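Structure file entry.csv; described as CSV, C-alpha atoms.
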```csv
chain,number,residue,atom,x,y,z
A,1,GLY,CA,0.0,0.0,0.0
A,2,GLU,CA,0.8,3.7,-0.1
A,3,ASN,CA,3.2,5.2,2.5
A,4,VAL,CA,3.5,9.0,2.9
A,5,GLU,CA,6.2,10.6,4.9
A,6,GLN,CA,6.0,14.3,5.9
A,7,HIS,CA,8.7,16.6,7.1
A,8,PRO,CA,9.3,18.5,9.3
A,9,SER,CA,7.0,17.6,12.2
A,10,THR,CA,7.3,21.1,13.6
A,11,LEU,CA,8.1,24.4,11.9
A,12,SER,CA,8.4,27.8,13.3
A,13,VAL,CA,8.8,30.9,11.1
A,14,GLN,CA,8.7,34.6,11.6
A,15,GLU,CA,5.6,36.5,10.3
A,16,GLY,CA,6.2,37.4,6.7
A,17,ASP,CA,8.7,34.6,6.0
A,18,SER,CA,8.0,31.6,3.8
A,19,ALA,CA,7.3,28.1,5.0
A,20,VAL,CA,7.9,24.9,3.2
A,21,ILE,CA,6.6,21.4,4.1
A,22,LYS,CA,7.7,18.3,2.2
A,23,CYS,CA,6.2,14.9,1.6
A,24,THR,CA,7.3,11.8,-0.2
A,25,TYR,CA,5.1,8.9,-1.3
A,26,SER,CA,5.9,5.3,-2.2
A,27,ASP,CA,3.2,4.2,-4.7
A,28,SER,CA,4.0,5.4,-8.2
A,29,ALA,CA,0.3,4.9,-9.1
A,30,SER,CA,-0.7,7.8,-6.9
A,31,ASN,CA,-2.0,10.7,-8.9
A,32,TYR,CA,-3.9,13.0,-6.5
A,33,PHE,CA,-2.2,15.0,-3.7
A,34,PRO,CA,-4.3,17.2,-1.5
A,35,TRP,CA,-3.1,19.4,1.4
A,36,TYR,CA,-5.2,20.0,4.5
A,37,LYS,CA,-5.0,22.6,7.3
A,38,GLN,CA,-6.3,21.6,10.7
A,39,GLU,CA,-6.9,24.1,13.4
A,40,LEU,CA,-7.1,23.0,17.0
A,41,GLY,CA,-10.3,21.0,17.7
A,42,LYS,CA,-11.6,21.3,14.2
A,43,GLY,CA,-11.8,19.0,11.2
A,44,PRO,CA,-9.1,19.3,8.4
A,45,GLN,CA,-9.9,21.8,5.7
A,46,LEU,CA,-8.7,21.4,2.1
A,47,ILE,CA,-6.4,24.2,1.2
A,48,ILE,CA,-5.0,23.1,-2.2
A,49,ASP,CA,-4.5,20.0,-4.2
A,50,ILE,CA,-2.6,18.9,-7.3
A,51,ARG,CA,-2.9,16.1,-9.8
A,52,SER,CA,-0.1,14.2,-11.4
A,53,ASN,CA,-0.6,15.8,-14.8
A,54,VAL,CA,0.5,19.2,-13.3
A,55,GLY,CA,3.8,20.1,-11.8
A,56,GLU,CA,2.8,23.2,-9.9
A,57,LYS,CA,-0.3,24.9,-8.7
A,58,LYS,CA,-0.8,28.3,-7.0
A,59,ASP,CA,-3.6,29.9,-5.0
A,60,GLN,CA,-2.6,33.3,-3.7
A,61,ARG,CA,0.0,32.8,-1.0
A,62,ILE,CA,-0.1,29.0,-1.2
A,63,ALA,CA,1.6,26.8,-3.8
A,64,VAL,CA,2.2,23.1,-4.3
A,65,THR,CA,4.9,21.5,-6.4
A,66,LEU,CA,5.0,17.9,-7.5
A,67,ASN,CA,8.0,15.8,-8.7
A,68,LYS,CA,6.6,12.5,-10.0
A,69,THR,CA,10.0,11.1,-10.8
A,70,ALA,CA,11.3,11.6,-7.3
A,71,LYS,CA,7.9,10.9,-5.8
A,72,HIS,CA,7.7,14.0,-3.7
A,73,PHE,CA,5.5,17.1,-3.3
A,74,SER,CA,5.8,20.2,-1.3
A,75,LEU,CA,3.6,22.9,0.1
A,76,HIS,CA,4.9,26.5,0.0
A,77,ILE,CA,3.3,29.3,2.0
A,78,THR,CA,4.6,32.8,1.4
A,79,GLU,CA,4.2,35.9,3.5
A,80,THR,CA,3.1,33.9,6.4
A,81,GLN,CA,0.6,35.3,8.9
A,82,PRO,CA,-0.3,34.3,12.5
A,83,GLU,CA,-3.5,32.8,11.2
A,84,ASP,CA,-1.5,30.3,9.2
A,85,SER,CA,-0.5,28.7,12.4
A,86,ALA,CA,-2.1,25.2,12.4
A,87,VAL,CA,-1.3,21.5,11.6
A,88,TYR,CA,-0.8,20.8,7.9
A,89,PHE,CA,-1.3,17.3,6.4
A,90,CYS,CA,-0.3,16.0,3.0
A,91,ALA,CA,-2.0,13.0,1.5
A,92,ALA,CA,-1.8,10.8,-1.6
A,93,THR,CA,-4.1,8.5,-3.4
A,94,PRO,CA,-4.0,6.2,-6.4
A,95,SER,CA,-6.6,6.4,-9.1
A,96,SER,CA,-8.0,3.0,-8.8
A,97,GLY,CA,-11.3,2.3,-6.9
A,98,SER,CA,-14.5,4.2,-6.8
A,99,ALA,CA,-13.7,5.7,-3.4
A,100,ARG,CA,-10.3,7.2,-3.1
A,101,GLN,CA,-8.5,6.0,-0.1
A,102,LEU,CA,-6.3,8.8,1.1
A,103,THR,CA,-3.1,8.0,2.8
A,104,PHE,CA,-2.0,10.9,5.1
A,105,GLY,CA,1.3,12.1,6.3
A,106,SER,CA,1.9,12.5,10.0
A,107,GLY,CA,1.4,16.2,10.0
A,108,THR,CA,3.4,19.4,10.5
A,109,GLN,CA,2.7,21.8,13.3
A,110,LEU,CA,3.4,25.3,11.8
A,111,THR,CA,3.8,28.2,14.2
A,112,VAL,CA,4.0,31.7,12.8
A,113,LEU,CA,5.7,34.0,15.3
A,114,PRO,CA,4.5,37.7,15.3
B,1,SER,CA,-23.7,24.1,-1.2
B,2,GLN,CA,-22.7,20.9,0.6
B,3,THR,CA,-22.6,20.7,4.4
B,4,ILE,CA,-21.4,17.9,6.6
B,5,HIS,CA,-22.6,17.5,10.2
B,6,GLN,CA,-21.3,15.3,13.0
B,7,TRP,CA,-22.8,14.7,16.5
B,8,PRO,CA,-22.2,14.8,19.2
B,9,ALA,CA,-19.3,17.2,19.2
B,10,THR,CA,-17.8,15.8,22.4
B,11,LEU,CA,-18.5,12.6,24.3
B,12,VAL,CA,-17.2,11.0,27.5
B,13,GLN,CA,-18.0,7.4,27.9
B,14,PRO,CA,-17.0,4.7,30.4
B,15,VAL,CA,-15.1,1.6,29.3
B,16,GLY,CA,-17.5,-1.2,28.2
B,17,SER,CA,-20.3,1.2,27.2
B,18,PRO,CA,-21.8,1.3,23.7
B,19,LEU,CA,-21.1,4.0,21.1
B,20,SER,CA,-23.0,5.7,18.3
B,21,LEU,CA,-21.6,8.6,16.3
B,22,GLU,CA,-23.6,10.0,13.5
B,23,CYS,CA,-22.6,11.9,10.3
B,24,THR,CA,-24.9,13.4,7.8
B,25,VAL,CA,-24.2,15.2,4.5
B,26,GLU,CA,-26.5,17.8,2.9
B,27,GLY,CA,-26.5,19.2,-0.6
B,28,THR,CA,-25.3,16.2,-2.5
B,29,SER,CA,-26.5,12.8,-3.6
B,30,ASN,CA,-24.8,9.4,-3.5
B,31,PRO,CA,-21.6,10.6,-1.8
B,32,ASN,CA,-18.8,8.3,-0.8
B,33,LEU,CA,-18.5,8.5,3.0
B,34,TYR,CA,-15.6,7.9,5.3
B,35,TRP,CA,-14.8,7.5,9.0
B,36,TYR,CA,-11.3,8.4,10.2
B,37,ARG,CA,-9.8,8.4,13.7
B,38,GLN,CA,-7.1,10.8,14.8
B,39,ALA,CA,-5.2,10.0,18.0
B,40,ALA,CA,-3.7,13.0,19.9
B,41,GLY,CA,-0.8,14.5,18.0
B,42,ARG,CA,-1.1,11.9,15.2
B,43,GLY,CA,-2.2,11.6,11.6
B,44,LEU,CA,-5.5,10.4,10.3
B,45,GLN,CA,-6.3,6.7,10.1
B,46,LEU,CA,-9.0,5.5,7.8
B,47,LEU,CA,-11.5,3.2,9.6
B,48,PHE,CA,-14.3,2.6,7.1
B,49,TYR,CA,-15.6,3.9,3.8
B,50,SER,CA,-18.9,3.5,2.0
B,51,VAL,CA,-19.8,3.9,-1.7
B,52,GLY,CA,-23.5,3.4,-1.2
B,53,ILE,CA,-26.3,2.4,1.1
B,54,GLY,CA,-25.5,-0.8,3.0
B,55,GLN,CA,-22.0,-1.0,1.5
B,56,ILE,CA,-19.2,-0.8,4.1
B,57,SER,CA,-15.5,-1.4,3.6
B,58,SER,CA,-13.4,-1.8,6.7
B,59,GLU,CA,-9.7,-0.8,6.6
B,60,VAL,CA,-8.7,-1.7,10.1
B,61,PRO,CA,-10.0,-4.7,12.2
B,62,GLN,CA,-11.0,-3.3,15.5
B,63,ASN,CA,-13.7,-2.8,18.1
B,64,LEU,CA,-15.8,-0.6,15.8
B,65,SER,CA,-18.4,-1.0,13.1
B,66,ALA,CA,-20.1,1.3,10.6
B,67,SER,CA,-23.4,1.4,8.9
B,68,ARG,CA,-25.0,3.5,6.2
B,69,PRO,CA,-28.8,3.2,6.6
B,70,GLN,CA,-29.5,6.2,4.2
B,71,ASP,CA,-27.8,7.8,1.3
B,72,ARG,CA,-26.4,10.7,3.3
B,73,GLN,CA,-26.1,9.1,6.7
B,74,PHE,CA,-23.1,7.3,8.1
B,75,ILE,CA,-23.0,5.8,11.6
B,76,LEU,CA,-20.0,4.6,13.6
B,77,SER,CA,-20.8,2.2,16.4
B,78,SER,CA,-19.3,0.0,19.1
B,79,LYS,CA,-20.9,-2.5,21.5
B,80,LYS,CA,-18.2,-2.1,24.2
B,81,LEU,CA,-15.8,0.7,24.2
B,82,LEU,CA,-12.1,0.3,25.1
B,83,LEU,CA,-9.7,2.9,26.5
B,84,SER,CA,-7.9,2.7,23.2
B,85,ASP,CA,-11.0,3.9,21.3
B,86,SER,CA,-10.4,7.5,22.7
B,87,GLY,CA,-9.7,10.0,19.9
B,88,PHE,CA,-11.0,12.5,17.5
B,89,TYR,CA,-13.4,10.9,15.0
B,90,LEU,CA,-13.8,12.5,11.6
B,91,CYS,CA,-16.4,11.9,8.9
B,92,ALA,CA,-15.7,12.9,5.4
B,93,TRP,CA,-17.5,12.8,2.0
B,94,SER,CA,-16.5,12.9,-1.6
B,95,VAL,CA,-18.3,12.6,-4.9
B,96,GLY,CA,-16.9,10.6,-7.8
B,97,GLY,CA,-14.1,9.3,-5.6
B,98,ASP,CA,-12.4,12.7,-5.7
B,99,THR,CA,-11.6,15.3,-3.1
B,100,GLN,CA,-12.6,14.5,0.4
B,101,TYR,CA,-14.2,17.1,2.7
B,102,PHE,CA,-14.2,16.7,6.4
B,103,GLY,CA,-16.8,17.3,9.1
B,104,PRO,CA,-16.1,19.1,12.4
B,105,GLY,CA,-15.3,15.9,14.2
B,106,THR,CA,-16.3,14.2,17.5
B,107,ARG,CA,-14.0,14.2,20.5
B,108,LEU,CA,-14.4,10.8,22.3
B,109,THR,CA,-12.9,10.2,25.7
B,110,VAL,CA,-13.2,6.7,27.2
B,111,LEU,CA,-12.6,6.6,30.9
```

Written as structure tokens, how would this file's structure read?
Amino acid sequence: GENVEQHPSTLSVQEGDSAVIKCTYSDSASNYFPWYKQELGKGPQLIIDIRSNVGEKKDQRIAVTLNKTAKHFSLHITETQPEDSAVYFCAATPSSGSARQLTFGSGTQLTVLP
Amino acid sequence: SQTIHQWPATLVQPVGSPLSLECTVEGTSNPNLYWYRQAAGRGLQLLFYSVGIGQISSEVPQNLSASRPQDRQFILSSKKLLLSDSGFYLCAWSVGGDTQYFGPGTRLTVL
């Protein structure tokens, strides 16, 4: 099955700096890679996703890059703000099956220091 | 727009007691539904998923079971809770096997 590794487990940045979170996956059949943001006591919220036919995707201050050859993908947050502080999860899933079974990374606790 | 509800929001139960958590989705038809568990400070573990009424797939053998009595209702149950069942339970939905959207979660504490 799929295995997703996520690094770092904790990340502290100064407000206004950039943050980068990296994930690697094991199953070369995986073709969908979402990123979720989870605030304390709440359910994860999808912030951006990328499919294997695309190398990069941006949405305002957030971007995701995908390297299929190396089987890794990264989340980039620019101009960080205190409200970006949360736990971020990456995930991967193969295309087979009618219900995509997401495999999640272990999460990154991002703290943006004012 | 689609909305997903979970209740209760928090629950404290003694060891050996039964459990019933409910999840409902509004604004969509024939969704895929999922139950995840998140232990403190850990990632998300898929417990069950369902592609239709009465169709349940289990990912991890355990003390829990799931049922889908209606198209947009997903229930997580246990006959006898264990201490290890404590955690944050999340329901999610998707359409066409694509992006999953999560509910607000239920915090379960077993004492």

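Residues lying within 9 Å of B:Ile53, counting only C-alpha atoms and ignoring same-chain neighbours fewer than 3 positions away, are Asn30, Ser50, Ile56, Ser67, Arg68, Pro69, Gln70, Asp71, Arg72 and Gln73 of chain B.
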
What does the structure give for the distance between atom CA of A:Arg61 and atom CA of A:Val13, in Å to one decimal?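 Between atom CA of A:Arg61 and atom CA of A:Val13 the gap is 15.1 Å.
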
Selection near B:Ile4, 6 Å with all atoms listed in the file, sequence-local residues under 4 positions removed, as a list in words: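 In the requested format, the answer is Thr24, Val25 and Gly103 of chain B.
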
Exercise answer, chain B residues close to chain A, 6 Å and all atoms listed in the file, as number ranges by chain: B: 43, 97, 102-105

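With atom CA of B:Gln55 on one side and atom CA of B:Arg42 on the other, the separation reads 28.1 Å.
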